[in-house]
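Printed here is structure_15.csv (CSV, C-alpha atoms):
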chain,number,residue,atom,x,y,z
A,15,MET,CA,-46.3,-43.5,-77.3
A,16,ALA,CA,-47.3,-42.6,-73.8
A,17,ARG,CA,-45.4,-45.6,-72.5
A,18,ARG,CA,-42.2,-44.6,-74.3
A,19,LEU,CA,-42.5,-41.1,-73.0
A,20,SER,CA,-43.1,-42.2,-69.4
A,21,ARG,CA,-39.8,-44.1,-69.4
A,22,GLY,CA,-38.1,-40.8,-70.2
A,23,THR,CA,-36.2,-39.7,-73.3
A,24,PRO,CA,-33.0,-37.7,-72.7
A,25,CYS,CA,-32.8,-34.2,-74.1
A,26,ARG,CA,-29.7,-34.5,-76.2
A,27,HIS,CA,-30.1,-31.3,-78.1
A,28,GLY,CA,-30.5,-29.0,-75.1
A,29,LEU,CA,-33.9,-27.6,-76.3
A,30,LEU,CA,-35.8,-26.2,-73.4
A,31,THR,CA,-39.2,-26.3,-75.2
A,32,ARG,CA,-38.9,-29.9,-76.2
A,33,CYS,CA,-38.0,-30.9,-72.6
A,34,SER,CA,-40.9,-29.0,-71.2
A,35,SER,CA,-43.4,-30.5,-73.7
A,36,LEU,CA,-42.1,-34.0,-73.1
A,37,ALA,CA,-42.5,-33.5,-69.3
A,38,LEU,CA,-46.0,-32.2,-69.8
A,39,ILE,CA,-47.1,-35.1,-72.1
A,40,THR,CA,-45.5,-37.6,-69.8
A,41,TYR,CA,-47.5,-36.2,-66.9
A,42,LEU,CA,-50.8,-36.1,-68.7
A,43,PHE,CA,-50.7,-39.5,-70.4
A,44,ASN,CA,-49.0,-41.6,-67.7
A,45,GLU,CA,-50.6,-45.0,-67.6
A,46,SER,CA,-51.0,-44.8,-63.8
A,47,GLY,CA,-53.0,-41.6,-64.2
A,48,GLY,CA,-51.6,-40.4,-60.8
A,49,PRO,CA,-49.3,-37.4,-60.4
A,50,ALA,CA,-47.9,-38.7,-57.2
A,51,GLN,CA,-46.0,-41.6,-58.8
A,52,ASP,CA,-44.7,-39.2,-61.5
A,53,THR,CA,-43.5,-36.9,-58.8
A,54,GLU,CA,-41.7,-39.7,-57.1
A,55,ALA,CA,-40.1,-40.7,-60.4
A,56,MET,CA,-38.9,-37.2,-60.9
A,57,GLU,CA,-37.5,-36.9,-57.3
A,58,GLU,CA,-35.6,-40.3,-57.5
A,59,PRO,CA,-32.9,-39.0,-59.8
A,60,GLN,CA,-32.5,-35.9,-57.6
A,61,GLY,CA,-31.9,-38.2,-54.6
A,62,ASN,CA,-29.3,-40.2,-56.6
A,63,VAL,CA,-27.6,-37.0,-57.6
A,64,SER,CA,-27.5,-35.8,-54.0
A,65,LEU,CA,-26.1,-39.1,-52.8
A,66,HIS,CA,-23.5,-39.0,-55.6
A,67,GLN,CA,-22.4,-35.5,-54.6
A,68,SER,CA,-22.2,-36.5,-50.9
A,69,THR,CA,-20.1,-39.5,-51.9
A,70,ILE,CA,-17.7,-37.3,-53.9
A,71,ARG,CA,-17.4,-34.8,-51.0
A,72,GLY,CA,-16.7,-37.6,-48.6
A,73,VAL,CA,-14.0,-39.1,-50.8
A,74,ILE,CA,-12.3,-35.7,-51.4
A,75,THR,CA,-12.3,-35.1,-47.6
A,76,VAL,CA,-10.7,-38.5,-46.8
A,77,VAL,CA,-8.2,-38.2,-49.6
A,78,PHE,CA,-7.2,-34.7,-48.5
A,79,SER,CA,-6.8,-35.9,-44.9
A,80,MET,CA,-4.8,-38.9,-46.0
A,81,THR,CA,-2.5,-36.8,-48.1
A,82,LEU,CA,-1.9,-34.3,-45.4
A,83,GLY,CA,-1.2,-37.1,-42.9
A,84,ILE,CA,1.2,-38.9,-45.2
A,85,VAL,CA,3.2,-35.8,-46.0
A,86,SER,CA,3.3,-34.8,-42.3
A,87,ASN,CA,4.5,-38.2,-41.1
A,88,ILE,CA,7.1,-38.5,-43.8
A,89,VAL,CA,8.6,-35.1,-43.1
A,90,GLY,CA,8.5,-35.8,-39.3
A,91,LEU,CA,10.2,-39.1,-39.9
A,92,PHE,CA,13.0,-37.5,-41.9
A,93,VAL,CA,13.5,-34.9,-39.1
A,94,LEU,CA,13.8,-37.6,-36.5
A,95,ILE,CA,16.2,-39.6,-38.6
A,96,ASP,CA,18.4,-36.6,-39.1
A,97,ALA,CA,18.3,-35.9,-35.3
A,98,TYR,CA,19.2,-39.5,-34.6
A,99,LEU,CA,22.2,-39.5,-36.9
A,100,GLN,CA,23.5,-36.3,-35.2
A,101,GLN,CA,22.9,-37.5,-31.6
A,102,ARG,CA,23.2,-41.2,-31.6
A,103,ARG,CA,26.1,-41.2,-29.1
A,104,ARG,CA,24.0,-39.4,-26.5
A,105,SER,CA,21.2,-40.6,-24.3
A,106,LYS,CA,18.7,-39.0,-26.8
A,107,PRO,CA,18.6,-42.0,-29.3
A,108,THR,CA,16.3,-43.9,-26.9
A,109,PHE,CA,13.8,-41.0,-27.0
A,110,LEU,CA,14.2,-40.7,-30.8
A,111,LEU,CA,13.5,-44.4,-31.2
A,112,PHE,CA,10.3,-43.9,-29.3
A,113,ALA,CA,9.4,-40.8,-31.4
A,114,ALA,CA,10.2,-42.5,-34.7
A,115,SER,CA,8.1,-45.5,-33.7
A,116,LEU,CA,5.2,-43.1,-32.8
A,117,VAL,CA,5.4,-41.4,-36.2
A,118,VAL,CA,5.5,-44.7,-38.1
A,119,THR,CA,2.6,-45.9,-36.2
A,120,ASP,CA,0.7,-42.7,-36.8
A,121,PHE,CA,1.5,-43.1,-40.5
A,122,PHE,CA,-0.1,-46.5,-40.8
A,123,GLY,CA,-2.9,-45.5,-38.5
A,124,HIS,CA,-3.8,-42.8,-40.9
A,125,VAL,CA,-3.3,-44.7,-44.2
A,126,ILE,CA,-5.0,-48.0,-43.5
A,127,PRO,CA,-8.3,-46.8,-42.0
A,128,GLY,CA,-8.4,-44.0,-44.6
A,129,ALA,CA,-8.0,-46.5,-47.5
A,130,LEU,CA,-10.8,-48.6,-46.1
A,131,VAL,CA,-13.1,-45.7,-45.7
A,132,ILE,CA,-12.5,-44.6,-49.3
A,133,ARG,CA,-13.3,-48.1,-50.4
A,134,LEU,CA,-16.6,-48.1,-48.5
A,135,TYR,CA,-17.4,-44.7,-50.0
A,136,LEU,CA,-16.7,-45.9,-53.6
A,137,SER,CA,-18.3,-49.4,-53.3
A,138,GLY,CA,-21.6,-48.2,-51.9
A,139,SER,CA,-22.3,-51.8,-50.8
A,140,ALA,CA,-21.8,-51.5,-47.1
A,141,ASP,CA,-24.1,-53.3,-44.7
A,142,PRO,CA,-26.8,-51.2,-43.0
A,143,VAL,CA,-26.0,-49.1,-40.0
A,144,GLY,CA,-25.8,-51.1,-36.8
A,145,THR,CA,-24.6,-54.3,-38.5
A,146,SER,CA,-21.1,-55.7,-39.0
A,147,ASP,CA,-19.0,-57.8,-41.4
A,148,GLY,CA,-15.3,-58.7,-41.8
A,149,MET,CA,-14.3,-55.3,-43.2
A,150,CYS,CA,-16.1,-53.5,-40.4
A,151,GLN,CA,-14.4,-55.6,-37.8
A,152,PHE,CA,-11.0,-54.8,-39.3
A,153,LEU,CA,-11.7,-51.1,-39.7
A,154,GLY,CA,-13.0,-50.8,-36.1
A,155,GLY,CA,-10.1,-52.8,-34.8
A,156,CYS,CA,-7.6,-50.6,-36.6
A,157,MET,CA,-9.1,-47.5,-35.1
A,158,VAL,CA,-8.9,-48.9,-31.6
A,159,PHE,CA,-5.4,-50.4,-32.1
A,160,PHE,CA,-3.7,-47.3,-33.6
A,161,GLY,CA,-5.5,-45.0,-31.1
A,162,LEU,CA,-4.2,-46.9,-28.1
A,163,CYS,CA,-0.7,-47.3,-29.6
A,164,SER,CA,-0.4,-43.5,-29.9
A,165,LEU,CA,-1.6,-42.9,-26.3
A,166,PHE,CA,0.6,-45.7,-24.9
A,167,MET,CA,3.7,-44.5,-26.7
A,168,GLY,CA,3.2,-40.9,-25.5
A,169,CYS,CA,2.9,-42.3,-21.9
A,170,ALA,CA,6.0,-44.4,-22.3
A,171,MET,CA,8.0,-41.5,-23.7
A,172,ALA,CA,7.0,-39.3,-20.9
A,173,ALA,CA,7.9,-41.9,-18.3
A,174,GLU,CA,11.3,-42.5,-20.0
A,175,ARG,CA,12.1,-38.8,-20.0
A,176,CYS,CA,10.9,-38.4,-16.4
A,177,LEU,CA,13.4,-41.1,-15.3
A,178,GLY,CA,16.1,-39.6,-17.4
A,179,VAL,CA,15.7,-36.1,-15.9
A,180,THR,CA,15.1,-37.1,-12.3
A,181,ARG,CA,17.3,-40.2,-12.0
A,182,PRO,CA,20.0,-39.9,-14.8
A,183,LEU,CA,22.3,-42.6,-13.4
A,184,LEU,CA,19.4,-45.1,-13.0
A,185,HIS,CA,18.2,-44.2,-16.5
A,186,ALA,CA,21.7,-44.9,-18.0
A,187,SER,CA,21.8,-48.3,-16.4
A,188,LEU,CA,18.2,-49.4,-17.1
A,189,VAL,CA,17.2,-47.8,-20.4
A,190,THR,CA,18.9,-49.4,-23.4
A,191,THR,CA,17.9,-49.6,-27.1
A,192,THR,CA,17.1,-53.3,-26.7
A,193,ARG,CA,14.7,-52.7,-23.8
A,194,ILE,CA,13.1,-49.8,-25.7
A,195,LYS,CA,12.4,-52.2,-28.5
A,196,VAL,CA,10.9,-54.7,-26.1
A,197,CYS,CA,8.8,-52.0,-24.6
A,198,LEU,CA,7.5,-51.0,-28.0
A,199,ALA,CA,6.6,-54.6,-28.8
A,200,GLY,CA,4.7,-54.8,-25.6
A,201,ILE,CA,2.8,-51.6,-26.4
A,202,TRP,CA,1.8,-52.9,-29.8
A,203,LEU,CA,0.8,-56.3,-28.3
A,204,ALA,CA,-1.3,-54.8,-25.6
A,205,ALA,CA,-3.1,-52.5,-28.0
A,206,LEU,CA,-3.7,-55.5,-30.3
A,207,CYS,CA,-5.1,-57.6,-27.5
A,208,VAL,CA,-7.6,-54.8,-26.7
A,209,ALA,CA,-8.6,-54.4,-30.3
A,210,LEU,CA,-9.2,-58.1,-30.7
A,211,LEU,CA,-11.6,-58.4,-27.8
A,212,PRO,CA,-14.7,-58.1,-29.9
A,213,CYS,CA,-13.6,-61.3,-31.7
A,214,PHE,CA,-14.2,-63.0,-28.3
A,215,HIS,CA,-17.6,-61.4,-27.9
A,216,LEU,CA,-16.5,-58.7,-25.5
A,217,GLY,CA,-17.8,-55.7,-27.2
A,218,SER,CA,-18.6,-55.2,-30.9
A,219,TYR,CA,-17.8,-53.0,-33.9
A,220,THR,CA,-20.7,-51.8,-36.1
A,221,TYR,CA,-21.2,-49.6,-39.1
A,222,GLN,CA,-21.8,-46.0,-38.2
A,223,GLU,CA,-23.9,-43.5,-40.1
A,224,PRO,CA,-23.7,-43.2,-43.1
A,225,ALA,CA,-22.3,-46.8,-43.2
A,226,THR,CA,-18.9,-45.6,-44.4
A,227,TRP,CA,-16.9,-46.2,-41.2
A,228,CYS,CA,-16.9,-48.5,-38.2
A,229,PHE,CA,-16.4,-48.0,-34.5
A,230,ILE,CA,-17.4,-49.5,-31.2
A,231,LYS,CA,-21.2,-50.0,-30.7
A,232,VAL,CA,-22.2,-47.1,-28.4
A,233,LEU,CA,-25.4,-45.7,-29.7
A,234,SER,CA,-28.1,-48.4,-29.9
A,235,ASP,CA,-28.7,-52.0,-28.8
A,236,THR,CA,-25.8,-51.9,-26.4
A,237,GLU,CA,-25.2,-54.8,-24.0
A,238,ALA,CA,-23.1,-55.2,-20.9
A,239,ALA,CA,-20.2,-56.4,-22.9
A,240,ASP,CA,-20.2,-53.2,-25.0
A,241,VAL,CA,-20.2,-51.1,-21.9
A,242,ALA,CA,-17.2,-53.1,-20.5
A,243,PHE,CA,-15.3,-52.8,-23.8
A,244,VAL,CA,-15.8,-49.1,-24.1
A,245,ALA,CA,-14.9,-48.6,-20.4
A,246,LEU,CA,-11.7,-50.6,-20.9
A,247,PHE,CA,-10.8,-48.6,-24.1
A,248,SER,CA,-11.6,-45.2,-22.6
A,249,GLY,CA,-10.1,-46.1,-19.2
A,250,LEU,CA,-6.8,-47.2,-20.7
A,251,GLY,CA,-6.6,-44.1,-23.0
A,252,LEU,CA,-7.4,-41.6,-20.2
A,253,ALA,CA,-5.0,-43.4,-17.8
A,254,ALA,CA,-2.2,-43.0,-20.4
A,255,VAL,CA,-2.9,-39.3,-20.8
A,256,VAL,CA,-3.0,-38.8,-17.0
A,257,VAL,CA,0.3,-40.6,-16.5
A,258,ALA,CA,1.9,-38.6,-19.3
A,259,LEU,CA,0.7,-35.4,-17.7
A,260,VAL,CA,2.2,-36.3,-14.3
A,261,CYS,CA,5.5,-37.4,-15.8
A,262,ASN,CA,5.8,-34.3,-17.9
A,263,THR,CA,5.0,-32.1,-15.0
A,264,VAL,CA,7.6,-33.7,-12.8
A,265,SER,CA,10.2,-33.5,-15.6
A,266,GLY,CA,9.4,-29.8,-16.2
A,267,LEU,CA,9.6,-28.9,-12.6
A,268,THR,CA,12.8,-30.7,-12.2
A,269,LEU,CA,14.4,-28.9,-15.1
A,270,VAL,CA,13.2,-25.5,-13.8
A,271,LEU,CA,14.6,-26.2,-10.3
A,272,ALA,CA,17.9,-27.4,-11.8
A,273,ARG,CA,18.1,-24.2,-13.9
A,274,MET,CA,17.4,-22.0,-10.8
A,275,ARG,CA,20.1,-23.8,-8.7
A,276,ARG,CA,22.7,-23.8,-11.5
A,277,ILE,CA,25.9,-21.9,-11.1
A,278,PRO,CA,26.2,-19.0,-13.7
A,279,GLY,CA,28.9,-19.7,-16.3
A,280,SER,CA,28.7,-23.5,-16.2
A,281,HIS,CA,27.6,-25.2,-19.3
A,282,HIS,CA,25.8,-28.6,-19.5
A,283,SER,CA,24.7,-29.4,-23.0
A,284,THR,CA,22.5,-32.3,-21.8
A,285,ASN,CA,20.2,-29.8,-20.2
A,286,SER,CA,19.4,-28.4,-23.6
A,287,HIS,CA,18.5,-31.8,-24.9
A,288,ASP,CA,16.3,-32.5,-21.9
A,289,ILE,CA,14.5,-29.2,-22.4
A,290,GLU,CA,14.0,-29.9,-26.1
A,291,MET,CA,12.6,-33.4,-25.4
A,292,VAL,CA,10.3,-32.3,-22.5
A,293,VAL,CA,8.9,-29.5,-24.7
A,294,GLN,CA,8.2,-32.0,-27.5
A,295,LEU,CA,6.6,-34.3,-25.0
A,296,VAL,CA,4.4,-31.5,-23.7
A,297,GLY,CA,3.4,-30.9,-27.3
A,298,VAL,CA,2.6,-34.6,-27.9
A,299,MET,CA,0.6,-34.7,-24.6
A,300,ALA,CA,-1.4,-31.5,-25.5
A,301,THR,CA,-2.2,-33.0,-28.9
A,302,SER,CA,-3.3,-36.2,-27.4
A,303,CYS,CA,-5.5,-34.5,-24.8
A,304,ILE,CA,-7.2,-32.2,-27.4
A,305,CYS,CA,-7.7,-34.9,-30.0
A,306,TRP,CA,-8.4,-38.1,-28.0
A,307,CYS,CA,-9.9,-37.1,-24.7
A,308,PRO,CA,-13.2,-35.9,-26.3
A,309,LEU,CA,-13.8,-39.2,-28.0
A,310,LEU,CA,-12.8,-41.3,-25.0
A,311,ILE,CA,-15.2,-39.3,-22.8
A,312,ILE,CA,-18.0,-39.0,-25.3
A,313,GLY,CA,-17.9,-42.8,-26.1
A,314,LEU,CA,-18.1,-43.7,-22.4
A,315,MET,CA,-21.0,-41.3,-21.8
A,316,LEU,CA,-23.0,-42.5,-24.9
A,317,VAL,CA,-22.6,-46.2,-24.2
A,318,ILE,CA,-23.8,-45.7,-20.6
A,319,GLN,CA,-26.8,-43.7,-21.8
A,320,SER,CA,-27.6,-46.2,-24.4
A,321,TYR,CA,-27.4,-49.2,-22.0
A,322,THR,CA,-29.5,-47.5,-19.4
A,323,GLY,CA,-32.1,-46.3,-21.9
A,324,SER,CA,-31.7,-42.6,-21.1
A,325,MET,CA,-30.6,-41.7,-24.6
A,326,THR,CA,-33.3,-39.6,-26.4
A,327,GLU,CA,-32.0,-38.1,-29.6
A,328,VAL,CA,-29.7,-40.6,-31.4
A,329,GLN,CA,-29.0,-38.2,-34.3
A,330,SER,CA,-27.6,-35.5,-32.1
A,331,HIS,CA,-25.5,-38.0,-30.2
A,332,TYR,CA,-24.2,-39.4,-33.5
A,333,LYS,CA,-23.0,-35.9,-34.5
A,334,LEU,CA,-21.3,-35.7,-31.2
A,335,LEU,CA,-19.6,-39.0,-31.7
A,336,MET,CA,-18.6,-38.1,-35.3
A,337,THR,CA,-17.0,-34.9,-34.0
A,338,GLY,CA,-14.9,-36.9,-31.5
A,339,VAL,CA,-13.8,-39.3,-34.2
A,340,ARG,CA,-12.7,-36.5,-36.5
A,341,LEU,CA,-10.7,-34.8,-33.7
A,342,ALA,CA,-9.0,-38.2,-33.0
A,343,ALA,CA,-8.1,-38.5,-36.7
A,344,TRP,CA,-6.2,-35.2,-36.5
A,345,ASN,CA,-3.9,-36.6,-33.8
A,346,GLN,CA,-1.9,-38.6,-36.4
A,347,ILE,CA,-1.6,-35.5,-38.5
A,348,LEU,CA,-0.4,-33.1,-35.7
A,349,ASP,CA,2.0,-35.5,-33.9
A,350,PRO,CA,4.8,-35.2,-36.5
A,351,TRP,CA,4.6,-31.4,-36.5
A,352,VAL,CA,5.5,-31.4,-32.8
A,353,TYR,CA,8.9,-32.8,-33.8
A,354,ILE,CA,9.2,-30.7,-36.9
A,355,LEU,CA,8.4,-27.4,-35.1
A,356,LEU,CA,9.6,-27.9,-31.6
A,357,ARG,CA,13.3,-28.5,-32.3
A,358,ARG,CA,16.2,-26.7,-30.7
A,359,THR,CA,16.9,-24.5,-33.7
A,360,VAL,CA,13.2,-23.5,-33.9
A,361,LEU,CA,12.9,-23.0,-30.2
A,362,ARG,CA,16.0,-20.8,-30.2
A,363,LYS,CA,14.6,-18.6,-32.9
A,364,ILE,CA,11.3,-18.3,-31.0
A,365,TYR,CA,13.2,-17.4,-27.8
A,366,LEU,CA,15.3,-14.8,-29.6
A,367,PHE,CA,12.1,-13.3,-31.2
A,368,ILE,CA,10.3,-13.1,-27.8
A,369,LYS,CA,13.4,-11.6,-26.2
A,370,CYS,CA,13.7,-9.0,-28.9
A,371,ARG,CA,10.0,-8.1,-28.7
A,372,LEU,CA,10.0,-7.9,-24.9
A,373,GLY,CA,13.2,-5.9,-24.8
A,374,TRP,CA,15.0,-8.3,-22.4
A,375,GLY,CA,18.6,-7.3,-21.6
A,376,THR,CA,21.6,-9.4,-20.8
A,377,THR,CA,20.1,-10.9,-17.6
A,378,THR,CA,18.7,-13.8,-19.5
A,379,SER,CA,21.6,-14.3,-21.9
A,380,HIS,CA,23.0,-17.2,-19.9
A,381,TRP,CA,19.8,-19.2,-20.6
A,382,GLU,CA,20.2,-18.6,-24.3
A,383,THR,CA,23.9,-19.5,-24.3
A,384,SER,CA,23.6,-22.6,-22.2
A,385,SER,CA,20.3,-24.0,-23.4
A,386,PHE,CA,20.7,-23.4,-27.1
A,387,ALA,CA,23.9,-21.9,-28.4
A,388,SER,CA,26.3,-24.2,-26.5
A,389,SER,CA,24.2,-27.2,-27.2
A,390,ASP,CA,24.4,-26.6,-30.9
A,391,LYS,CA,28.2,-26.4,-30.7
A,392,ASN,CA,28.5,-29.5,-28.5
A,393,GLY,CA,26.1,-31.4,-30.8
A,394,THR,CA,28.4,-30.8,-33.8
A,395,GLN,CA,31.4,-32.2,-31.8
A,396,VAL,CA,29.7,-35.6,-31.2
Once more with this new file: its structure as structure tokens, please.
Amino acid sequence: MARRLSRGTPCRHGLLTRCSSLALITYLFNESGGPAQDTEAMEEPQGNVSLHQSTIRGVITVVFSMTLGIVSNIVGLFVLIDAYLQQRRRSKPTFLLFAASLVVTDFFGHVIPGALVIRLYLSGSADPVGTSDGMCQFLGGCMVFFGLCSLFMGCAMAAERCLGVTRPLLHASLVTTTRIKVCLAGIWLAALCVALLPCFHLGSYTYQEPATWCFIKVLSDTEAADVAFVALFSGLGLAAVVVALVCNTVSGLTLVLARMRRIPGSHHSTNSHDIEMVVQLVGVMATSCICWCPLLIIGLMLVIQSYTGSMTEVQSHYKLLMTGVRLAAWNQILDPWVYILLRRTVLRKIYLFIKCRLGWGTTTSHWETSSFASSDKNGTQV
């Protein structure tokens, strides 16, 4: 009898007194005679319940993030397709091809790693933290590949617009749809080569706490190859952000100077397109800086500390790394909203709202007319 009770009998009738008496008899007549083992047996189901709840929370978070990312990228892609159909005879289609490729890349960069993380959550059979297998290699490679693609494309778009604003004739002769496609293929190939370096023992991907996602090894047991790989990844990402910053600054200053030198009453619709594209590029650059720069800097700092042995509290550093990864994941969600919100029609409404609030008179009406109103009319004539 005692043995049957020690194995546990479920309370199917919800009687509190019966459950309490069974628990007491089990404790008193346990064959081991030790309360410690009985306490451990009672705590084990609680640990399983806690783990189950944590798994459910993790899956819900990933599913919500994936759904938001899918919806954002699909809406952004439709907005870009509509803009392409309206402006395909202008110089803007090259920019729109870049932008559409960025949104599609963000879409797959959000769905594929998210699906793998959900599988790891549900399977519960991942290898211990610090180890690696085929799925871990693929997941870590996806994070590096799609991250670099996003940063490289933002840099290429900024350079293309800088050339179009500062040297329009050279841009018209050099930049074609075919060359843009070749450039995109080169970006994807370069990012893929970097992501595949751990396959050639230059760096490594490992499971990160709690063994439901993979990234570059930066926290423990790092080697010189790991430091070199993280330095290459972070260096390329930060360099792309800096180049985009310089190009967008040059483009913005050029447009401002052209606006100041412009003769009142003359209308050039291309300026409005340039303004719109530069504003969108600034939005993409700001999103990349906020989302990716923390992870790139944190990863480089952690791998150096781990390699030199100066890292003290691994758990606190893990939380820092996890924060950087979560910020980077938001990049693929926010990028499409740059093209959804920062359009000419939206910018014009924002401008009119600010003008109304600040009580501006007719001194700035030529900006409104030339930059937005006339561009909308000219856009419909194309």
Compile the contact shell of A:Val292 as a PyMOL selection string: residues with an atom at most 8 Å away, counting only C-alpha atoms, same-chain residues fewer than 4 positions apart removed. chain A and resi 172+175+262+265-266+288+296
List every protein, DNA or RNA residue that has an atom no more than 9 Å from (-17.9, -48.1, -39.8) in the file's coordinate frame, counting all atoms listed in the file, and report them as a compact mmCIF listing (two decimals) with C-alpha atoms, in the coordinates of the input.
# COMPACT_ATOMS: atom_id res chain seq x y z
CA VAL A 131 -13.10 -45.70 -45.70
CA LEU A 134 -16.60 -48.10 -48.50
CA ALA A 140 -21.80 -51.50 -47.10
CA VAL A 143 -26.00 -49.10 -40.00
CA GLY A 144 -25.80 -51.10 -36.80
CA SER A 146 -21.10 -55.70 -39.00
CA MET A 149 -14.30 -55.30 -43.20
CA CYS A 150 -16.10 -53.50 -40.40
CA GLN A 151 -14.40 -55.60 -37.80
CA LEU A 153 -11.70 -51.10 -39.70
CA GLY A 154 -13.00 -50.80 -36.10
CA TYR A 219 -17.80 -53.00 -33.90
CA THR A 220 -20.70 -51.80 -36.10
CA TYR A 221 -21.20 -49.60 -39.10
CA GLN A 222 -21.80 -46.00 -38.20
CA GLU A 223 -23.90 -43.50 -40.10
CA PRO A 224 -23.70 -43.20 -43.10
CA ALA A 225 -22.30 -46.80 -43.20
CA THR A 226 -18.90 -45.60 -44.40
CA TRP A 227 -16.90 -46.20 -41.20
CA CYS A 228 -16.90 -48.50 -38.20
CA PHE A 229 -16.40 -48.00 -34.50
CA ILE A 230 -17.40 -49.50 -31.20
To one decimal in Å, tell me the separation between atom CA of A:Leu82 and atom CA of A:Phe159.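 We find that atom CA of A:Leu82 and atom CA of A:Phe159 lie 21.2 Å from each other.
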Neighbour list for A:Ser302 as a ChimeraX atom specification, cut-off 12 Å, all atoms listed in the file, skip fewer than 2 positions in-chain: /A:161-169,251-252,254-256,258-259,295-300,304-310,341-349,352
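Among the candidate residues A:Val125, A:Val117, A:Val232, A:Ala242, the one lying nearest to A:Phe78 is A:Val125, with distances computed using only C-alpha atoms.
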Between atom CA of A:Leu136 and atom CA of A:Thr75, distance in Å (one decimal):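 A separation of 13.1 Å between them.
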So the first atom is atom CA of A:Tyr135 and the second is atom CA of A:Asp120; what is the distance between them in Å, to one decimal place?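 If I compute the distance from atom CA of A:Tyr135 to atom CA of A:Asp120, I get 22.5 Å.
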